$ cat final_31.txt   # compact mmCIF, C-alpha atoms
# COMPACT_ATOMS: atom_id res chain seq x y z
CA MET A 1 -3.10 17.30 -0.46
CA PRO A 2 -6.84 17.91 0.04
CA PRO A 3 -8.98 15.09 -1.38
CA SER A 4 -11.17 17.64 -3.17
CA THR A 5 -8.41 18.09 -5.73
CA ARG A 6 -8.52 14.40 -6.66
CA ILE A 7 -12.20 13.52 -6.19
CA PRO A 8 -14.73 14.93 -8.70
CA ALA A 9 -17.32 17.24 -7.19
CA LEU A 10 -20.30 15.07 -8.22
CA LEU A 11 -18.66 12.04 -6.62
CA GLN A 12 -17.55 13.70 -3.40
CA PRO A 13 -20.81 13.18 -1.42
CA TYR A 14 -20.81 9.46 -2.20
CA VAL A 15 -17.28 8.65 -1.06
CA GLN A 16 -18.11 10.23 2.29
CA LEU A 17 -18.83 7.34 4.65
CA PRO A 18 -22.28 7.20 6.26
CA HIS A 19 -22.29 6.78 10.00
CA ASP A 20 -21.29 3.27 11.10
CA SER A 21 -22.36 1.50 7.93
CA ILE A 22 -21.67 -1.27 5.42
CA LEU A 23 -21.20 -0.37 1.76
CA LEU A 24 -21.17 -2.42 -1.43
CA LEU A 25 -19.26 -1.69 -4.62
CA THR A 26 -19.92 -3.72 -7.76
CA SER A 27 -18.13 -3.76 -11.10
CA THR A 28 -18.15 -5.61 -14.39
CA LEU A 29 -15.44 -7.04 -16.59
CA GLY A 30 -15.38 -4.03 -18.91
CA ALA A 31 -15.67 -1.41 -16.16
CA SER A 32 -13.10 -1.73 -13.40
CA ALA A 33 -13.81 -0.21 -10.00
CA ASN A 34 -10.18 0.26 -8.98
CA TRP A 35 -10.33 4.00 -9.60
CA LEU A 36 -13.34 4.27 -7.27
CA LEU A 37 -11.61 2.33 -4.49
CA ILE A 38 -8.66 4.71 -4.84
CA ARG A 39 -11.06 7.64 -4.30
CA PHE A 40 -12.22 6.08 -1.04
CA LEU A 41 -8.60 5.76 0.03
CA CYS A 42 -7.99 9.35 -0.99
CA ASN A 43 -10.94 10.62 1.01
CA GLU A 44 -9.89 8.82 4.20
CA LEU A 45 -6.09 9.01 4.05
CA SER A 46 -5.48 12.46 2.55
CA THR A 47 -5.28 15.75 4.40
CA GLN A 48 -8.84 16.81 5.03
CA ASP A 49 -10.15 20.27 4.19
CA GLY A 50 -12.11 20.80 7.38
CA GLY A 51 -9.58 19.29 9.78
CA ASP A 52 -11.28 15.90 9.88
CA GLU A 53 -8.71 13.16 10.32
CA GLY A 54 -10.58 10.53 8.34
CA HIS A 55 -10.23 6.81 9.06
CA ASN A 56 -7.54 4.21 9.13
CA VAL A 57 -7.88 1.82 6.20
CA VAL A 58 -7.33 -1.95 6.06
CA LEU A 59 -7.41 -3.28 2.49
CA VAL A 60 -7.83 -7.03 1.98
CA SER A 61 -7.39 -7.98 -1.68
CA TRP A 62 -7.82 -11.42 -3.19
CA MET A 63 -7.24 -10.18 -6.73
CA ARG A 64 -4.46 -7.57 -6.82
CA GLU A 65 -1.12 -7.35 -5.09
CA TYR A 66 0.29 -4.51 -3.05
CA ASP A 67 2.47 -3.07 -5.81
CA PHE A 68 -0.60 -2.47 -7.94
CA TRP A 69 -2.40 -0.51 -5.24
CA LYS A 70 0.74 1.45 -4.38
CA GLN A 71 1.18 2.61 -7.96
CA GLU A 72 -2.51 3.38 -8.49
CA ALA A 73 -2.76 5.31 -5.21
CA ARG A 74 0.27 7.39 -6.11
CA LYS A 75 -0.95 8.11 -9.64
CA GLY A 76 -4.63 8.65 -8.94
CA ALA A 77 -4.61 10.15 -5.44
CA ALA A 78 -1.00 11.22 -4.72
CA LEU A 79 -0.90 8.82 -1.75
CA ASP A 80 2.29 7.24 -0.44
CA LEU A 81 1.05 3.91 0.92
CA ASP A 82 4.52 2.96 2.20
CA LYS A 83 4.61 6.06 4.36
CA LEU A 84 1.03 5.55 5.52
CA ARG A 85 1.84 1.97 6.56
CA LYS A 86 4.76 3.16 8.67
CA GLU A 87 2.53 5.80 10.27
CA GLY A 88 -0.07 3.17 11.19
CA ARG A 89 -2.76 4.63 8.94
CA PHE A 90 -2.93 1.87 6.34
CA ALA A 91 -2.56 -1.92 6.28
CA PHE A 92 -2.68 -4.33 3.38
CA PHE A 93 -3.55 -8.03 3.30
CA ASP A 94 -2.47 -10.17 0.39
CA GLY A 95 -5.35 -12.63 0.07
CA LEU A 96 -3.57 -15.01 -2.31
CA GLY A 97 -0.23 -15.02 -0.55
CA ALA A 98 1.62 -13.55 -3.55
CA GLY A 99 2.19 -9.94 -2.54
CA GLY A 100 5.10 -8.30 -4.30
CA ASN A 101 6.50 -6.73 -1.08
CA ALA A 102 5.83 -9.67 1.22
CA PRO A 103 9.17 -10.92 2.54
CA ASP A 104 8.21 -14.57 2.37
CA SER A 105 7.17 -14.39 -1.28
CA THR A 106 10.56 -13.10 -2.42
CA ALA A 107 12.30 -15.70 -0.31
CA GLU A 108 10.40 -18.52 -1.94
CA ARG A 109 11.16 -17.58 -5.52
CA PRO A 110 14.78 -18.86 -5.58
CA SER A 111 13.78 -22.18 -4.04
CA ARG A 112 11.06 -22.67 -6.66
CA THR A 113 13.44 -22.05 -9.52
CA ASP A 114 15.96 -24.42 -7.99
CA ALA A 115 13.31 -27.09 -7.64
CA GLN A 116 12.37 -26.65 -11.26
CA ALA A 117 16.01 -26.67 -12.38
CA THR A 118 16.90 -29.91 -10.62
CA PRO A 119 14.78 -32.30 -12.71
CA ARG A 120 15.95 -30.65 -15.91
CA VAL A 121 19.59 -31.64 -15.34
CA PRO A 122 19.26 -35.41 -16.01
CA VAL A 123 17.17 -34.72 -19.10
CA SER A 124 19.78 -32.42 -20.60
CA ASN A 125 22.81 -34.65 -19.87
CA ALA A 126 23.21 -35.29 -23.57
CA THR A 127 23.86 -31.59 -24.22
CA SER A 128 26.74 -30.68 -21.97
CA GLN A 129 26.60 -27.00 -22.91
CA ARG A 130 23.37 -26.32 -20.97
CA GLY A 131 24.77 -27.41 -17.60
CA PRO A 132 27.50 -24.82 -17.02
CA GLN A 133 25.41 -22.04 -18.65
CA ILE A 134 22.18 -22.38 -16.65
CA LEU A 135 22.90 -24.00 -13.29
CA PRO A 136 25.65 -21.70 -11.95
CA ALA A 137 23.40 -18.68 -12.62
CA ARG A 138 20.54 -20.19 -10.56
CA GLY A 139 22.45 -21.52 -7.57
CA PRO A 140 25.88 -22.17 -6.08
CA PRO A 141 28.20 -24.52 -8.01
CA GLY A 142 27.90 -27.14 -5.28
CA ARG A 143 24.37 -27.95 -6.41
CA ILE A 144 25.62 -29.32 -9.71
CA VAL A 145 27.51 -32.12 -7.96
CA PRO A 146 24.49 -33.89 -6.37
CA ALA A 147 22.57 -33.57 -9.61
CA ARG A 148 25.25 -35.23 -11.74
CA GLY A 149 27.32 -37.12 -9.20
CA PRO A 150 26.67 -40.52 -7.62
CA PRO A 151 23.70 -40.93 -5.27
CA PRO A 152 25.75 -41.15 -2.02
CA SER A 153 26.90 -37.54 -2.40
CA ALA A 154 23.39 -36.12 -2.77
CA PRO A 155 22.27 -36.63 0.87
CA ALA A 156 25.43 -34.96 2.11
CA VAL A 157 24.63 -31.68 0.35
CA ALA A 158 20.86 -31.59 0.78
CA PRO A 159 20.73 -31.65 4.62
CA ALA A 160 23.34 -28.89 4.78
CA SER A 161 21.45 -26.46 2.52
CA SER A 162 17.80 -27.24 3.22
CA PRO A 163 17.70 -26.47 6.98
CA ALA A 164 19.76 -23.32 6.45
CA THR A 165 17.40 -22.13 3.74
CA SER A 166 14.29 -22.80 5.83
CA ALA A 167 15.84 -21.13 8.86
CA ALA A 168 16.72 -18.07 6.80
CA ASN A 169 13.20 -17.90 5.43
CA SER A 170 11.66 -18.09 8.88
CA GLN A 171 13.99 -15.43 10.23
CA ALA A 172 13.21 -13.16 7.30
CA THR A 173 9.50 -13.51 7.95
CA ALA A 174 9.86 -12.74 11.64
CA SER A 175 12.49 -9.98 11.66
CA GLN A 176 12.17 -8.37 8.25
CA GLY A 177 8.40 -8.29 8.10
CA THR A 178 7.17 -5.06 6.57
CA PRO A 179 4.91 -3.14 8.98
CA GLY A 180 1.34 -2.96 7.77
CA HIS A 181 1.82 -5.69 5.15
CA TYR A 182 0.31 -9.10 5.87
CA THR A 183 -0.22 -12.31 3.95
CA LEU A 184 -3.22 -14.56 4.46
CA LYS A 185 -1.77 -18.06 4.68
CA SER A 186 -5.13 -19.82 4.74
CA LEU A 187 -8.46 -19.68 2.94
CA GLU A 188 -10.40 -20.68 6.04
CA ILE A 189 -12.82 -18.13 7.46
CA ALA A 190 -11.60 -18.59 11.02
CA ASP A 191 -7.98 -17.93 10.05
CA ILE A 192 -8.96 -14.88 7.99
CA LYS A 193 -10.91 -13.47 10.92
CA SER A 194 -8.11 -13.97 13.45
CA THR A 195 -5.46 -12.52 11.13
CA ILE A 196 -7.44 -9.41 10.28
CA SER A 197 -8.54 -8.86 13.88
CA SER A 198 -4.96 -9.04 15.13
CA ALA A 199 -3.85 -6.47 12.54
CA ILE A 200 -6.61 -3.97 13.31
CA SER A 201 -5.60 -3.62 16.94
CA PRO A 202 -2.19 -1.96 16.25
CA LEU A 203 -3.91 0.62 14.03
CA ALA A 204 -6.31 1.50 16.81
CA THR A 205 -3.59 1.83 19.43
CA SER A 206 -1.45 4.10 17.25
CA THR A 207 -4.27 6.58 16.60
CA ALA A 208 -7.73 7.34 17.91
CA ARG A 209 -9.29 6.99 14.47
CA LYS A 210 -11.81 4.36 13.52
CA THR A 211 -11.04 1.86 10.77
CA LEU A 212 -12.49 1.37 7.31
CA LEU A 213 -12.19 -2.27 6.26
CA ILE A 214 -12.18 -2.90 2.49
CA PHE A 215 -12.67 -6.35 0.95
CA ASP A 216 -11.53 -6.51 -2.67
CA ASN A 217 -13.06 -9.42 -4.60
CA PRO A 218 -13.83 -11.79 -1.72
CA ASP A 219 -16.04 -13.68 -4.20
CA LEU A 220 -12.87 -15.54 -5.20
CA LEU A 221 -13.07 -17.32 -1.86
CA LEU A 222 -16.16 -19.12 -3.11
CA ALA A 223 -14.19 -20.57 -6.02
CA LEU A 224 -10.94 -21.23 -4.16
CA ASN A 225 -12.57 -22.89 -1.15
CA PRO A 226 -15.85 -24.66 -1.98
CA THR A 227 -16.59 -25.19 1.72
CA ILE A 228 -17.15 -21.44 2.15
CA THR A 229 -20.73 -20.31 1.65
CA PRO A 230 -22.10 -16.76 1.26
CA SER A 231 -23.43 -16.98 4.81
CA HIS A 232 -19.93 -17.72 6.10
CA PHE A 233 -18.55 -14.55 4.57
CA THR A 234 -21.44 -12.29 5.58
CA THR A 235 -21.09 -13.64 9.11
CA LEU A 236 -17.41 -12.74 8.98
CA MET A 237 -18.34 -9.22 7.88
CA LEU A 238 -20.74 -8.77 10.78
CA GLN A 239 -18.25 -10.16 13.30
CA LEU A 240 -15.56 -7.77 12.12
CA HIS A 241 -18.02 -4.89 12.02
CA THR A 242 -18.82 -5.44 15.68
CA LEU A 243 -15.19 -4.83 16.64
CA PRO A 244 -15.00 -1.55 18.55
CA ASN A 245 -12.38 -0.14 16.18
CA VAL A 246 -14.14 -0.97 12.89
CA SER A 247 -16.78 1.56 11.92
CA HIS A 248 -17.24 0.84 8.19
CA ILE A 249 -16.89 -2.08 5.79
CA LEU A 250 -16.71 -1.68 2.02
CA THR A 251 -17.00 -4.82 -0.12
CA HIS A 252 -16.13 -4.96 -3.81
CA LEU A 253 -17.79 -7.75 -5.82
CA GLN A 254 -18.21 -8.59 -9.49
CA ALA A 255 -21.74 -8.13 -10.87
CA ASP A 256 -21.51 -9.30 -14.49
CA ASN A 257 -24.71 -10.66 -15.99
CA PRO A 258 -23.31 -14.19 -16.48
CA LEU A 259 -22.52 -14.30 -12.76
CA LEU A 260 -25.92 -13.04 -11.58
CA SER A 261 -28.16 -14.69 -14.21
CA LEU A 262 -28.11 -18.38 -13.41
CA SER A 263 -27.67 -20.86 -16.23
CA THR A 264 -29.88 -23.89 -16.78
CA PRO A 265 -29.23 -25.96 -14.82
CA PRO A 266 -27.66 -23.51 -12.34
CA GLN A 267 -24.13 -24.34 -11.29
CA PRO A 268 -23.18 -24.32 -7.58
CA LEU A 269 -20.62 -21.54 -8.00
CA GLU A 270 -23.16 -19.38 -9.87
CA VAL A 271 -25.70 -19.83 -7.09
CA ALA A 272 -23.11 -19.02 -4.42
CA HIS A 273 -21.90 -15.87 -6.18
CA HIS A 274 -25.47 -14.69 -6.83
CA ASN A 275 -26.43 -15.21 -3.19
CA LEU A 276 -23.32 -13.41 -1.96
CA VAL A 277 -24.05 -10.30 -4.04
CA VAL A 278 -27.70 -10.28 -2.98
CA LYS A 279 -26.87 -10.73 0.73
CA CYS A 280 -24.28 -7.95 0.68
CA ALA A 281 -26.71 -5.66 -1.16
CA HIS A 282 -29.38 -6.17 1.49
CA MET A 283 -26.86 -5.47 4.26
CA SER A 284 -25.44 -2.31 2.72
CA ARG A 285 -26.42 1.27 3.44
CA ARG A 286 -25.04 2.45 0.09
CA ILE A 287 -24.51 0.55 -3.17
CA LEU A 288 -22.20 1.89 -5.86
CA GLY A 289 -22.04 0.06 -9.18
CA VAL A 290 -19.93 0.72 -12.25
CA ARG A 291 -20.70 -0.77 -15.65
CA VAL A 292 -20.07 -0.12 -19.31
CA LEU A 293 -22.38 1.94 -21.48
CA ASP A 294 -25.51 0.13 -22.64
CA THR A 295 -24.98 1.55 -26.14
CA GLY A 296 -21.41 0.28 -26.47
CA VAL A 297 -17.94 1.78 -26.29
CA ALA A 298 -17.44 5.55 -26.41
CA ARG A 299 -14.13 7.36 -26.77
CA ASP A 300 -14.82 9.99 -24.09
CA VAL A 301 -16.81 7.80 -21.65
CA SER A 302 -15.35 4.91 -19.65
CA GLY A 303 -18.62 3.79 -18.11
CA VAL A 304 -21.62 4.51 -15.91
CA ILE A 305 -21.68 4.75 -12.14
CA ARG A 306 -24.95 4.26 -10.28
CA ILE A 307 -25.41 5.08 -6.58
CA THR A 308 -28.31 3.74 -4.56
CA GLU A 309 -28.77 5.05 -1.04
CA GLN A 310 -30.82 3.23 1.59
CA ARG A 311 -31.85 5.48 4.44
CA LYS A 312 -32.16 2.52 6.79
CA GLN A 313 -29.84 -0.44 6.94
CA TRP A 314 -31.17 -3.94 7.38
CA PHE A 315 -30.28 -3.95 11.09
CA ASP A 316 -31.75 -0.50 11.78
CA VAL A 317 -35.08 -0.35 13.57
CA GLY A 318 -37.07 2.76 12.72
CA PHE A 319 -40.82 2.89 12.47
CA GLY A 320 -41.42 6.46 13.58
CA ILE A 321 -42.22 9.64 11.71
CA GLU A 322 -38.61 10.16 10.70
CA ALA A 323 -38.47 6.73 9.07
CA ASN A 324 -41.61 7.45 7.08
CA LYS A 325 -40.26 10.82 6.04
CA ASP A 326 -37.04 9.31 4.71
CA SER A 327 -38.80 6.47 2.94
CA ASP A 328 -39.70 8.75 0.02
CA ASP A 329 -36.06 9.00 -1.09
CA SER A 330 -34.94 5.57 0.06
CA GLY A 331 -33.80 3.30 -2.74
CA ARG A 332 -33.73 6.01 -5.41
CA GLY A 333 -30.57 5.84 -7.47
CA LYS A 334 -28.50 8.41 -9.29
CA GLU A 335 -26.43 7.79 -12.38
CA PHE A 336 -23.41 9.61 -13.74
CA LEU A 337 -21.01 9.04 -16.58
CA TYR A 338 -17.31 8.89 -15.86
CA GLN A 339 -14.05 8.91 -17.76
CA VAL A 340 -10.79 7.55 -16.37
CA LYS A 341 -7.85 9.31 -17.99
CA SER A 342 -4.37 7.95 -18.59
CA ASP A 343 -2.83 10.17 -15.90
CA GLY A 344 -5.06 8.63 -13.21
CA SER A 345 -7.53 11.51 -12.96
CA VAL A 346 -11.26 10.92 -13.29
CA ARG A 347 -13.99 13.06 -14.83
CA VAL A 348 -17.57 12.55 -13.60
CA PHE A 349 -20.48 14.29 -15.31
CA GLU A 350 -24.22 13.98 -15.82
CA ARG A 351 -25.73 12.55 -18.96
CA GLY A 352 -25.78 15.06 -21.77
CA ALA A 353 -23.52 17.46 -19.90
CA GLY A 354 -20.03 16.24 -20.70
CA GLY A 355 -18.87 18.98 -18.38
CA GLU A 356 -16.67 19.29 -15.35
CA GLY A 357 -15.02 16.41 -13.49
$ encode --input "final_31.txt" --output "structure tokens"
Amino acid sequence: MPPSTRIPALLQPYVQLPHDSILLLTSTLGASANWLLIRFLCNELSTQDGGDEGHNVVLVSWMREYDFWKQEARKGAALDLDKLRKEGRFAFFDGLGAGGNAPDSTAERPSRTDAQATPRVPVSNATSQRGPQILPARGPPGRIVPARGPPPSAPAVAPASSPATSAANSQATASQGTPGHYTLKSLEIADIKSTISSAISPLATSTARKTLLIFDNPDLLLALNPTITPSHFTTLMLQLHTLPNVSHILTHLQADNPLLSLSTPPQPLEVAHHNLVVKCAHMSRRILGVRVLDTGVARDVSGVIRITEQRKQWFDVGFGIEANKDSDDSGRGKEFLYQVKSDGSVRVFERGAGGEG
């Protein structure tokens, strides 16, 4: 399906990727940017009108799991992410290690419930009705014996089940791993870099397309791992951007006023988040920001989208006539109103127009 049928006409020029560039997308708590990320996926992964094959896409999300993106892509852009993963066009990284389709996450759920059920058994010994009703449904009957029986019988059952369970989990991860679906096991920058780099190579070998790398809410890394600084992440961006197969990087960050306006005294996490947004903004060729209406909530308007285009990126060197000619329009922003409908479609229109999407 051509992307023009899913992307509003006013938005179409701004989801087209500038040549070899870094882009920044910001959102606020009341104005989600998920619909805009879906339009980028639609533009790169859908059948192009002019025969252009688009880009491969690697989506790294620290906020939302794969099932969310699969449903939103199907509803808003008619994309089948499962099929695109098998074709080598799309890859997903679960930044928090809790992806719904990750094989290791489903394998861990029974063990967690068993671990939680074991300490409950001695507490509920007084009520004999809870034992046969709950425990057989959560595990094999043999697990009731070590919980209620004498201590010598417990070691005999535990060694027999624990190694088998761990071996099954490891085999499931190795043999049943879903192609194009990865889980980041560490919050360290070096591990993130090596994992993403190793996943980009198969995409490049399967097709001759370049890769668009999308970071969804990497600002959570600052809160989850205090040792990571904004400079660490921007360095990671530049290192991945220098890979021969990566042509574009799109970063989605939160830009709420409480996060950007430092309190008194400023907190370390506030300073880190503020610096990360500012650094990414200076590095980006194009900045797209969505926010709520300044006048409040409207029934037919979901929010405001502002696009700021910089003719020259921070690493570009241009001091000639062409650079001076482009400087007149550099930094000028455009604003549109948008409405996200319940069926996943989006209407974008100018202020006072309320017209076509």
$ closest_residue --input "final_31.txt" --among "A:Ser186, A:Gln239, A:Ser197, A:Ser21" --to "Leu224 (chain A)" --atoms "only C-alpha atoms"
A:Ser186
$ closest_residue --input "final_31.txt" --among "A:Ala281, A:Leu45, A:Asp219, A:Gln310" --to "Leu259 (chain A)" --atoms "all atoms listed in the file"
A:Asp219
$ closest_atom_pairs --input "final_31.txt" --of "region 57-79 of chain A" --to "region 246-255 of chain A" --cutoff "10 Å" --atoms "all atoms listed in the file" --output "CSV"
residue,atom,partner,partner_atom,distance
A:Val57,CA,A:Val246,CA,9.6
A:Val58,CA,A:Ile249,CA,9.6
A:Leu59,CA,A:Leu250,CA,9.4
A:Val60,CA,A:Thr251,CA,9.7
A:Ser61,CA,A:His252,CA,9.5
$ atom_distance --input "final_31.txt" --atom1 "CA of Ile22 (chain A)" --atom2 "CA of Phe233 (chain A)"
13.7 Å
$ atom_distance --input "final_31.txt" --atom1 "CA of Ser198 (chain A)" --atom2 "CA of Met63 (chain A)"
22.0 Å
$ closest_residue --input "final_31.txt" --among "A:Asn275, A:Asn245, A:Gln12, A:Asn257" --to "Leu222 (chain A)" --atoms "all atoms listed in the file"
A:Asn275
$ atom_distance --input "final_31.txt" --atom1 "CA of Glu335 (chain A)" --atom2 "CA of Thr26 (chain A)"
14.0 Å
$ residues_around --input "final_31.txt" --residues "region 287-292 of chain A" --least-positions-apart "6" --cutoff "8 Å" --atoms "only C-alpha atoms" --output "PyMOL selection string"
chain A and resi 23-28+30-33+281+302-309
$ closest_residue --input "final_31.txt" --among "A:Thr211, A:Ser263, A:Leu269, A:Leu37" --to "Thr227 (chain A)" --atoms "only C-alpha atoms"
A:Leu269
$ closest_residue --input "final_31.txt" --among "A:His241, A:Arg209, A:His181, A:His282" --to "Arg89 (chain A)" --atoms "only C-alpha atoms"
A:Arg209
$ residues_near_point --input "final_31.txt" --point "(3.5, -1.4, -5.1)" --cutoff "12 Å" --atoms "all atoms listed in the file" --output "PDB file with C-alpha atoms, keeping the file's coordinate frame"
ATOM      1  CA  ARG A  64      -4.460  -7.570  -6.820  1.00  0.00           C
ATOM      2  CA  GLU A  65      -1.120  -7.350  -5.090  1.00  0.00           C
ATOM      3  CA  TYR A  66       0.290  -4.510  -3.050  1.00  0.00           C
ATOM      4  CA  ASP A  67       2.470  -3.070  -5.810  1.00  0.00           C
ATOM      5  CA  PHE A  68      -0.600  -2.470  -7.940  1.00  0.00           C
ATOM      6  CA  TRP A  69      -2.400  -0.510  -5.240  1.00  0.00           C
ATOM      7  CA  LYS A  70       0.740   1.450  -4.380  1.00  0.00           C
ATOM      8  CA  GLN A  71       1.180   2.610  -7.960  1.00  0.00           C
ATOM      9  CA  GLU A  72      -2.510   3.380  -8.490  1.00  0.00           C
ATOM     10  CA  ALA A  73      -2.760   5.310  -5.210  1.00  0.00           C
ATOM     11  CA  ARG A  74       0.270   7.390  -6.110  1.00  0.00           C
ATOM     12  CA  LYS A  75      -0.950   8.110  -9.640  1.00  0.00           C
ATOM     13  CA  LEU A  79      -0.900   8.820  -1.750  1.00  0.00           C
ATOM     14  CA  ASP A  80       2.290   7.240  -0.440  1.00  0.00           C
ATOM     15  CA  LEU A  81       1.050   3.910   0.920  1.00  0.00           C
ATOM     16  CA  ASP A  82       4.520   2.960   2.200  1.00  0.00           C
ATOM     17  CA  PHE A  92      -2.680  -4.330   3.380  1.00  0.00           C
ATOM     18  CA  ASP A  94      -2.470 -10.170   0.390  1.00  0.00           C
ATOM     19  CA  GLY A  99       2.190  -9.940  -2.540  1.00  0.00           C
ATOM     20  CA  GLY A 100       5.100  -8.300  -4.300  1.00  0.00           C
ATOM     21  CA  ASN A 101       6.500  -6.730  -1.080  1.00  0.00           C
ATOM     22  CA  ALA A 102       5.830  -9.670   1.220  1.00  0.00           C
ATOM     23  CA  HIS A 181       1.820  -5.690   5.150  1.00  0.00           C
TER      24      HIS A 181
END
